[in-house]
file structure_16.txt (compact mmCIF, C-alpha atoms)
# COMPACT_ATOMS: atom_id res chain seq x y z
CA MET A 1 135.25 88.91 107.50
CA LYS A 2 136.15 92.58 107.42
CA VAL A 3 136.93 94.02 110.86
CA GLU A 4 135.65 97.54 111.30
CA PRO A 5 137.94 100.04 113.07
CA LEU A 6 137.02 100.96 116.62
CA LEU A 7 135.10 104.17 117.22
CA GLU A 8 136.76 106.46 119.74
CA PHE A 9 135.45 109.35 121.84
CA HIS A 10 138.43 111.35 123.08
CA PHE A 11 137.64 113.74 125.94
CA ASN A 12 140.39 116.21 126.89
CA TYR A 13 139.07 117.36 130.23
CA SER A 14 140.27 120.14 132.49
CA LYS A 15 142.84 119.27 135.14
CA ASN A 16 140.91 121.64 137.41
CA ARG A 17 137.95 119.29 137.61
CA LYS A 18 137.68 117.93 141.12
CA ASN A 19 134.80 115.53 140.53
CA ALA A 20 135.74 112.79 138.06
CA GLY A 21 132.12 111.67 137.95
CA GLU A 22 131.18 114.91 136.18
CA VAL A 23 133.51 113.98 133.32
CA PHE A 24 131.87 110.62 132.70
CA HIS A 25 128.42 112.16 133.17
CA ALA A 26 129.10 114.70 130.41
CA LEU A 27 130.63 112.07 128.13
CA GLY A 28 127.59 109.86 128.65
CA TYR A 29 125.32 112.55 127.20
CA PHE A 30 127.49 112.78 124.08
CA ILE A 31 127.54 109.02 123.59
CA ASP A 32 123.76 108.68 124.08
CA ALA A 33 123.08 111.53 121.65
CA TYR A 34 125.54 110.10 119.09
CA VAL A 35 123.67 106.79 119.08
CA GLU A 36 120.33 108.61 118.79
CA PHE A 37 121.60 110.63 115.80
CA GLY A 38 122.78 107.39 114.19
CA GLN A 39 119.42 105.71 114.73
CA ILE A 40 117.67 108.74 113.23
CA MET A 41 119.81 108.24 110.10
CA ALA A 42 119.05 104.52 110.05
CA ASP A 43 115.30 105.12 110.48
CA ALA A 44 115.37 107.65 107.64
CA ILE A 45 116.79 105.03 105.28
CA GLY A 46 114.75 101.98 106.27
CA ASP A 47 113.16 100.10 109.15
CA ASP A 48 115.53 97.15 108.72
CA LEU A 49 118.61 99.15 109.74
CA ASP A 50 119.88 99.50 113.30
CA PHE A 51 122.60 101.62 114.87
CA GLU A 52 124.53 100.19 117.81
CA ILE A 53 127.93 100.58 119.45
CA GLN A 54 129.47 98.41 122.17
CA LEU A 55 131.97 99.58 124.77
CA THR A 56 135.37 97.86 124.57
CA SER A 57 137.75 99.98 126.67
CA VAL A 58 138.24 103.17 128.67
CA THR A 59 141.65 104.86 128.94
CA GLU A 60 142.29 107.37 131.71
CA GLY A 61 144.28 110.61 131.63
CA SER A 62 142.48 112.34 128.85
CA ILE A 63 139.60 109.90 128.58
CA LYS A 64 139.45 107.68 125.50
CA VAL A 65 136.35 105.53 125.25
CA ARG A 66 136.39 102.95 122.46
CA PHE A 67 133.47 101.11 120.92
CA LEU A 68 132.85 98.31 118.46
CA LYS A 69 130.69 99.57 115.59
CA PHE A 70 127.56 97.59 114.78
CA PHE A 71 126.16 99.86 112.08
CA ASP A 72 126.51 100.49 108.37
CA ALA A 73 128.79 103.41 107.53
CA ILE A 74 126.00 105.00 105.51
CA THR A 75 124.09 105.67 108.76
CA SER A 76 127.04 107.38 110.47
CA PRO A 77 125.93 110.73 111.96
CA ASP A 78 129.43 112.23 111.75
CA ILE A 79 128.69 114.69 108.92
CA PHE A 80 125.45 115.69 110.64
CA ILE A 81 127.37 116.42 113.83
CA CYS A 82 129.98 118.43 111.91
CA ASP A 83 127.18 120.76 110.79
CA LEU A 84 126.11 121.54 114.36
CA LYS A 85 127.58 125.02 114.64
CA GLY A 86 126.39 128.12 116.45
CA GLU A 87 122.73 127.99 117.45
CA ILE A 88 119.45 126.47 116.32
CA GLY A 89 116.45 128.16 117.86
CA THR A 90 113.57 128.08 115.39
CA LEU A 91 111.65 125.43 113.48
CA ASP A 92 112.82 126.93 110.18
CA GLN A 93 116.46 126.62 111.26
CA LEU A 94 115.87 123.04 112.39
CA GLN A 95 114.19 122.06 109.13
CA ALA A 96 116.99 123.68 107.12
CA VAL A 97 119.44 121.35 108.89
CA THR A 98 117.33 118.22 108.38
CA ALA A 99 116.61 119.13 104.74
CA LYS A 100 120.35 119.37 104.10
CA GLN A 101 120.89 115.95 105.68
CA ASN A 102 117.99 114.43 103.72
CA LYS A 103 119.57 115.67 100.48
CA ARG A 104 123.00 114.35 101.47
CA LEU A 105 121.58 110.95 102.43
CA SER A 106 119.60 110.76 99.19
CA GLU A 107 122.70 111.48 97.09
CA THR A 108 124.73 108.95 99.08
CA LEU A 109 122.11 106.23 98.61
CA LYS A 110 121.96 106.79 94.85
CA SER A 111 125.73 106.37 94.53
CA ASN A 112 125.83 103.23 96.70
CA ASN A 113 125.19 99.94 94.89
CA LYS A 114 123.92 98.30 98.07
CA TYR A 115 121.30 100.96 98.74
CA SER A 116 120.64 102.53 95.32
CA GLU A 117 117.13 101.02 95.17
CA ARG A 118 116.14 102.38 98.58
CA ILE A 119 113.33 104.86 98.99
CA GLU A 120 114.17 108.50 99.57
CA PRO A 121 115.23 109.13 103.18
CA THR A 122 113.10 111.25 105.47
CA ILE A 123 114.63 112.44 108.74
CA ASN A 124 112.19 112.96 111.60
CA ASP A 125 112.38 116.63 112.65
CA LEU A 126 110.90 116.05 116.09
CA ASN A 127 113.39 113.29 116.93
CA VAL A 128 116.24 115.54 115.82
CA ALA A 129 114.98 118.35 118.07
CA LEU A 130 114.82 116.03 121.08
CA THR A 131 118.34 114.73 120.41
CA LEU A 132 119.68 118.26 119.94
CA GLU A 133 118.39 119.03 123.43
CA LYS A 134 120.54 116.20 124.78
CA TRP A 135 123.54 117.28 122.68
CA THR A 136 123.22 120.82 124.06
CA LEU A 137 122.99 119.48 127.60
CA ALA A 138 126.24 117.58 126.97
CA ASN A 139 127.96 120.73 125.69
CA LYS A 140 126.83 122.66 128.75
CA GLN A 141 128.60 120.13 130.98
CA LEU A 142 131.98 121.05 129.47
CA GLN A 143 134.29 123.69 130.84
CA GLN A 144 135.81 126.35 128.60
CA ASP A 145 139.20 124.64 128.22
CA GLU A 146 137.78 121.18 127.49
CA SER A 147 137.34 119.50 124.11
CA ILE A 148 135.99 116.28 122.68
CA THR A 149 136.63 114.52 119.37
CA ILE A 150 135.03 111.52 117.66
CA GLY A 151 136.65 109.28 115.08
CA ASP A 152 138.01 105.85 114.28
CA VAL A 153 141.05 104.71 116.23
CA ASP A 154 144.25 105.73 114.36
CA ALA A 155 142.24 107.80 111.88
CA LEU A 156 143.96 110.65 110.07
CA PRO A 157 143.32 114.07 111.67
CA GLY A 158 141.12 115.10 108.75
CA ASN A 159 138.76 112.22 109.48
CA VAL A 160 138.28 113.09 113.15
CA ILE A 161 135.37 115.28 114.25
CA SER A 162 136.08 118.12 116.66
CA ILE A 163 132.77 118.88 118.34
CA ASP A 164 131.71 122.52 118.47
CA THR A 165 131.16 122.65 122.22
CA SER A 166 129.64 126.12 121.93
CA PHE A 167 126.71 124.81 119.87
CA ARG A 168 123.33 125.35 121.48
CA PHE A 169 119.81 124.24 120.64
CA THR A 170 117.72 127.02 122.17
CA GLY A 171 114.33 126.03 120.81
CA SER A 172 111.62 124.16 122.66
CA PRO A 173 110.32 121.01 120.95
CA LYS A 174 107.01 121.41 122.80
CA GLU A 175 106.60 124.91 121.39
CA MET A 176 107.99 124.09 117.94
CA PHE A 177 105.70 121.10 117.54
CA LYS A 178 102.68 122.23 119.57
CA ASN A 179 100.52 121.91 116.44
CA PHE A 180 102.16 118.62 115.52
CA VAL A 181 99.59 115.80 115.62
CA GLY A 182 101.80 112.94 114.52
CA LYS A 183 103.81 111.28 111.79
CA HIS A 184 102.60 108.52 109.49
CA ASP A 185 105.12 106.12 107.97
CA GLY A 186 103.54 102.89 106.82
CA GLU A 187 100.83 101.25 104.75
CA GLU A 188 97.43 102.76 104.04
CA TYR A 189 94.54 102.40 101.60
CA VAL A 190 93.91 105.51 99.51
CA ASP A 191 91.60 106.61 96.74
CA VAL A 192 93.23 108.47 93.87
CA ILE A 193 91.64 111.87 93.40
CA ARG A 194 94.14 113.07 90.81
CA SER A 195 96.82 111.21 88.85
CA TYR A 196 99.64 112.29 86.54
CA HIS A 197 101.18 110.54 83.57
CA ARG A 198 104.22 112.71 83.00
CA GLY A 199 106.68 112.01 85.80
CA ASP A 200 107.12 111.69 89.54
CA GLN A 201 107.91 115.38 89.98
CA TYR A 202 104.19 116.08 89.59
CA MET A 203 101.90 115.73 92.57
CA TRP A 204 99.18 113.13 92.74
CA ARG A 205 96.28 113.68 95.12
CA PHE A 206 95.05 110.96 97.47
CA GLN A 207 92.45 110.46 100.19
CA ASN A 208 92.97 108.03 103.04
CA ARG A 209 90.08 105.54 103.21
CA LYS A 210 89.97 105.53 107.02
CA THR A 211 90.82 109.07 108.14
CA ARG A 212 89.46 110.80 104.99
CA LEU A 213 92.52 113.05 105.02
CA GLU A 214 93.39 114.37 101.57
CA TYR A 215 96.92 115.25 100.52
CA ASN A 216 99.17 115.87 97.54
CA ALA A 217 102.25 113.68 97.15
CA PRO A 218 104.76 112.57 94.51
CA ILE A 219 105.15 108.85 93.88
CA LYS A 220 108.78 107.90 94.51
CA HIS A 221 108.34 104.25 93.49
CA LYS A 222 110.04 104.67 90.11
CA LYS A 223 109.54 101.11 88.84
CA TRP A 224 105.80 101.18 89.48
CA LEU A 225 105.51 104.67 88.05
CA GLN A 226 107.30 103.66 84.86
CA GLU A 227 104.98 100.66 84.49
CA PHE A 228 102.00 102.98 85.08
CA HIS A 229 103.25 105.25 82.30
CA GLU A 230 103.57 102.21 80.03
CA GLY A 231 99.99 101.16 80.76
CA ILE A 232 100.91 98.03 82.72
CA HIS A 233 99.05 99.31 85.79
CA GLN A 234 95.53 100.62 85.31
CA VAL A 235 93.96 102.79 88.01
CA ASN A 236 90.24 103.32 87.45
CA PRO A 237 87.83 105.61 89.34
CA VAL A 238 86.40 102.64 91.28
CA ASP A 239 89.85 101.37 92.37
CA CYS A 240 92.04 102.27 95.31
CA LEU A 241 95.73 101.81 96.07
CA LEU A 242 97.53 100.06 98.90
CA ILE A 243 100.63 102.18 99.41
CA HIS A 244 103.52 102.77 101.78
CA SER A 245 103.52 106.50 102.44
CA SER A 246 105.11 108.93 104.85
CA TYR A 247 103.88 112.33 105.98
CA GLU A 248 103.35 114.59 108.95
CA VAL A 249 99.96 115.69 110.26
CA TRP A 250 99.65 119.20 111.68
CA ARG A 251 96.60 120.94 113.12
CA ILE A 252 96.27 124.21 111.24
CA ASN A 253 93.31 126.53 111.90
CA GLY A 254 91.62 123.72 113.77
CA LYS A 255 91.91 121.26 110.88
CA ASP A 256 94.28 118.31 110.49
CA THR A 257 96.54 118.98 107.51
CA VAL A 258 99.08 116.67 105.85
CA THR A 259 102.56 118.02 105.03
CA ASN A 260 105.80 116.60 103.57
CA ALA A 261 103.96 113.68 102.00
CA LYS A 262 105.62 111.05 99.79
CA VAL A 263 104.39 107.77 98.36
CA LEU A 264 107.38 105.51 98.89
CA GLU A 265 105.91 102.34 97.38
CA VAL A 266 102.76 101.31 95.54
CA ILE A 267 102.07 97.84 96.88
CA ASP A 268 98.85 96.94 95.08
CA VAL A 269 95.93 98.24 93.05
CA ILE A 270 92.69 97.14 94.72
CA LYS A 271 90.01 96.74 92.07
CA GLY A 272 86.33 97.56 92.45
CA SER A 273 86.11 100.19 95.20
CA ASP A 274 82.75 101.21 96.61
CA TYR A 275 83.91 104.79 96.45
CA GLN A 276 84.28 106.61 93.20
CA HIS A 277 86.50 109.56 92.47
CA GLU A 278 87.21 111.08 89.14
CA ILE A 279 90.86 110.65 88.16
CA ILE A 280 91.87 113.91 86.61
CA GLU A 281 94.87 113.94 84.31
CA ARG A 282 96.74 117.21 84.00
CA ASP A 283 99.51 118.33 81.76
call {"tool": "encode", "arguments": {"input": "structure_16.txt", "output": "structure tokens"}}
result
Amino acid sequence: MKVEPLLEFHFNYSKNRKNAGEVFHALGYFIDAYVEFGQIMADAIGDDLDFEIQLTSVTEGSIKVRFLKFFDAITSPDIFICDLKGEIGTLDQLQAVTAKQNKRLSETLKSNNKYSERIEPTINDLNVALTLEKWTLANKQLQQDESITIGDVDALPGNVISIDTSFRFTGSPKEMFKNFVGKHDGEEYVDVIRSYHRGDQYMWRFQNRKTRLEYNAPIKHKKWLQEFHEGIHQVNPVDCLLIHSSYEVWRINGKDTVTNAKVLEVIDVIKGSDYQHEIIERD
């Protein structure tokens, strides 16, 4: 069995600190936030992945805290943390960061034999904002001459992260997401209002049977989509689909509106619906 290298947080703290408890308090924020970032990555990839570390030792002087790693390397938040520079204060800035990480994760999954068949990852913006608050709180605990690095024990310098301790998240999740109703990520029954036969880059249009919310979304289930193009799956106006979808619901101008929608998997075609919608094919 392959033994993973230990993960090490190395805190070079100021010799002027008089309260040793403050050092461990600050380090605790970093460790908690690191695990939360890792779980965000794991959740973005699939609900069967977990992110966990287990304390093995603490070395005094400059503090070195070492952990056993109980997570897949693909969920490591290290690159995400490397990108935390300067300041994030607006929703647009936050979403630019998460969009970059979604793209990176997607490319990594496609090049990984173990995960190449996975659905496209979707990082939860709200969870990132809440974790960035904790990361900022950790940075604020540090004095000007203190530093902290994260990396595997005995890793080469180029593989060790030096945290930008001046990074600040200055936004307010409550303000950023005040119109945020919730996030859906799971199964639902939908009627097909509009379908496409020419590729997943085109938007289909669906309506949820229960909530009656309508939304546009691409189908990312490539195998099912290919079979649909080949005529193996027939979707008639009286049918509905059981799908696994993900999207956010925002209240805009007093109306619930779906954004960032994706159909991750088409589970079944349910024949003979009581509701009828015309399936419109477009070029």
call {"tool": "residues_around", "arguments": {"input": "structure_16.txt", "residues": "segment 22-35 of chain A", "least_positions_apart": "5", "cutoff": "9 Å", "atoms": "only C-alpha atoms", "output": "compact mmCIF listing (two decimals) with C-alpha atoms, in the coordinates of the input"}}
result
# COMPACT_ATOMS: atom_id res chain seq x y z
CA PHE A 9 135.45 109.35 121.84
CA PHE A 11 137.64 113.74 125.94
CA TYR A 13 139.07 117.36 130.23
CA ARG A 17 137.95 119.29 137.61
CA ILE A 40 117.67 108.74 113.23
CA PHE A 51 122.60 101.62 114.87
CA GLU A 52 124.53 100.19 117.81
CA ILE A 53 127.93 100.58 119.45
CA ILE A 63 139.60 109.90 128.58
CA PRO A 77 125.93 110.73 111.96
CA ASP A 78 129.43 112.23 111.75
CA ILE A 81 127.37 116.42 113.83
CA THR A 131 118.34 114.73 120.41
CA LEU A 132 119.68 118.26 119.94
CA LYS A 134 120.54 116.20 124.78
CA TRP A 135 123.54 117.28 122.68
CA LEU A 137 122.99 119.48 127.60
CA ALA A 138 126.24 117.58 126.97
CA ASN A 139 127.96 120.73 125.69
CA LYS A 140 126.83 122.66 128.75
CA GLN A 141 128.60 120.13 130.98
CA LEU A 142 131.98 121.05 129.47
CA ILE A 148 135.99 116.28 122.68
call {"tool": "axis_aligned_box", "arguments": {"input": "structure_16.txt", "around": "segment 21-40 of chain A", "padding_each_side": "5 Å", "output": "JSON"}}
result
{"center_x": 125.6, "center_y": 110.3, "center_z": 125.6, "size_x": 25.8, "size_y": 19.2, "size_z": 34.7}
call {"tool": "residues_around", "arguments": {"input": "structure_16.txt", "residues": "Met176 of chain A", "least_positions_apart": "4", "cutoff": "12 Å", "atoms": "all atoms listed in the file", "output": "tab-separated table (two decimals) with C-alpha atoms, in the frame of the given file"}}
result
chain	number	residue	atom	x	y	z
A	88	ILE	CA	119.45	126.47	116.32
A	89	GLY	CA	116.45	128.16	117.86
A	90	THR	CA	113.57	128.08	115.39
A	91	LEU	CA	111.65	125.43	113.48
A	92	ASP	CA	112.82	126.93	110.18
A	93	GLN	CA	116.46	126.62	111.26
A	94	LEU	CA	115.87	123.04	112.39
A	95	GLN	CA	114.19	122.06	109.13
A	125	ASP	CA	112.38	116.63	112.65
A	126	LEU	CA	110.90	116.05	116.09
A	129	ALA	CA	114.98	118.35	118.07
A	130	LEU	CA	114.82	116.03	121.08
A	170	THR	CA	117.72	127.02	122.17
A	171	GLY	CA	114.33	126.03	120.81
A	172	SER	CA	111.62	124.16	122.66
A	180	PHE	CA	102.16	118.62	115.52
A	250	TRP	CA	99.65	119.20	111.68
call {"tool": "atom_distance", "arguments": {"input": "structure_16.txt", "atom1": "atom CA of Asn112 of chain A", "atom2": "atom CA of Leu55 of chain A"}}
result
29.0 Å
call {"tool": "residues_around", "arguments": {"input": "structure_16.txt", "residues": "His184 of chain A", "least_positions_apart": "2", "cutoff": "9 Å", "atoms": "all atoms listed in the file", "output": "list in words"}}
result
Gly182, Gly186, Glu187, Ser245, Ser246, Tyr247, Glu248 and Val249 of chain A
call {"tool": "write_last_selection", "arguments": {"input": "structure_16.txt", "atoms": "C-alpha atoms", "output": "PDB file, in the frame of the given file"}}
result
ATOM      1  CA  GLY A 182     101.800 112.940 114.520  1.00  0.00           C
ATOM      2  CA  GLY A 186     103.540 102.890 106.820  1.00  0.00           C
ATOM      3  CA  GLU A 187     100.830 101.250 104.750  1.00  0.00           C
ATOM      4  CA  SER A 245     103.520 106.500 102.440  1.00  0.00           C
ATOM      5  CA  SER A 246     105.110 108.930 104.850  1.00  0.00           C
ATOM      6  CA  TYR A 247     103.880 112.330 105.980  1.00  0.00           C
ATOM      7  CA  GLU A 248     103.350 114.590 108.950  1.00  0.00           C
ATOM      8  CA  VAL A 249      99.960 115.690 110.260  1.00  0.00           C
TER       9      VAL A 249
END
call {"tool": "closest_residue", "arguments": {"input": "structure_16.txt", "among": "A:Lys100, A:Asp154, A:Glu265, A:Gln226", "to": "Ile79 of chain A", "atoms": "all atoms listed in the file"}}
result
A:Lys100
call {"tool": "atom_distance", "arguments": {"input": "structure_16.txt", "atom1": "atom CA of Ile45 of chain A", "atom2": "atom CA of Leu105 of chain A"}}
result
8.1 Å
call {"tool": "closest_residue", "arguments": {"input": "structure_16.txt", "among": "A:Ile252, A:Val235, A:Phe80, A:Lys85", "to": "Phe177 of chain A", "atoms": "all atoms listed in the file"}}
result
A:Ile252
call {"tool": "atom_distance", "arguments": {"input": "structure_16.txt", "atom1": "atom CA of Val97 of chain A", "atom2": "atom CA of Asp83 of chain A"}}
result
8.0 Å
call {"tool": "closest_residue", "arguments": {"input": "structure_16.txt", "among": "A:Val269, A:Asp145, A:Cys82, A:Phe70", "to": "Phe228 of chain A", "atoms": "only C-alpha atoms"}}
result
A:Val269
call {"tool": "closest_residue", "arguments": {"input": "structure_16.txt", "among": "A:Ile163, A:Val65, A:Val266, A:Ala42", "to": "Glu146 of chain A", "atoms": "all atoms listed in the file"}}
result
A:Ile163
call {"tool": "closest_residue", "arguments": {"input": "structure_16.txt", "among": "A:Ile270, A:Ile74, A:Ser195, A:Ile123", "to": "Ser111 of chain A", "atoms": "all atoms listed in the file"}}
result
A:Ile74
call {"tool": "residues_around", "arguments": {"input": "structure_16.txt", "residues": "Asp50 of chain A", "least_positions_apart": "2", "cutoff": "10 Å", "atoms": "all atoms listed in the file", "output": "list in words"}}
result
Gly38, Gln39, Ile40, Met41, Ala42, Asp43, Gly46, Asp47, Asp48, Glu52, Phe70, Phe71, Asp72 and Thr75 of chain A
call {"tool": "residues_around", "arguments": {"input": "structure_16.txt", "residues": "Pro5 of chain A", "least_positions_apart": "2", "cutoff": "9 Å", "atoms": "all atoms listed in the file", "output": "ChimeraX atom specification"}}
result
/A:3,7,68-69,152-155
call {"tool": "residues_near_point", "arguments": {"input": "structure_16.txt", "point": "(86.6, 105.2, 103.1)", "cutoff": "9 Å", "atoms": "all atoms listed in the file", "output": "PyMOL selection string"}}
result
chain A and resi 189-191+207-212+274-275
call {"tool": "write_last_selection", "arguments": {"input": "structure_16.txt", "atoms": "C-alpha atoms", "output": "compact mmCIF listing (two decimals), keeping the file's coordinate frame"}}
result
# COMPACT_ATOMS: atom_id res chain seq x y z
CA TYR A 189 94.54 102.40 101.60
CA VAL A 190 93.91 105.51 99.51
CA ASP A 191 91.60 106.61 96.74
CA GLN A 207 92.45 110.46 100.19
CA ASN A 208 92.97 108.03 103.04
CA ARG A 209 90.08 105.54 103.21
CA LYS A 210 89.97 105.53 107.02
CA THR A 211 90.82 109.07 108.14
CA ARG A 212 89.46 110.80 104.99
CA ASP A 274 82.75 101.21 96.61
CA TYR A 275 83.91 104.79 96.45
call {"tool": "closest_residue", "arguments": {"input": "structure_16.txt", "among": "A:Leu49, A:Ile150, A:Ala261, A:Leu225", "to": "Ser162 of chain A", "atoms": "all atoms listed in the file"}}
result
A:Ile150
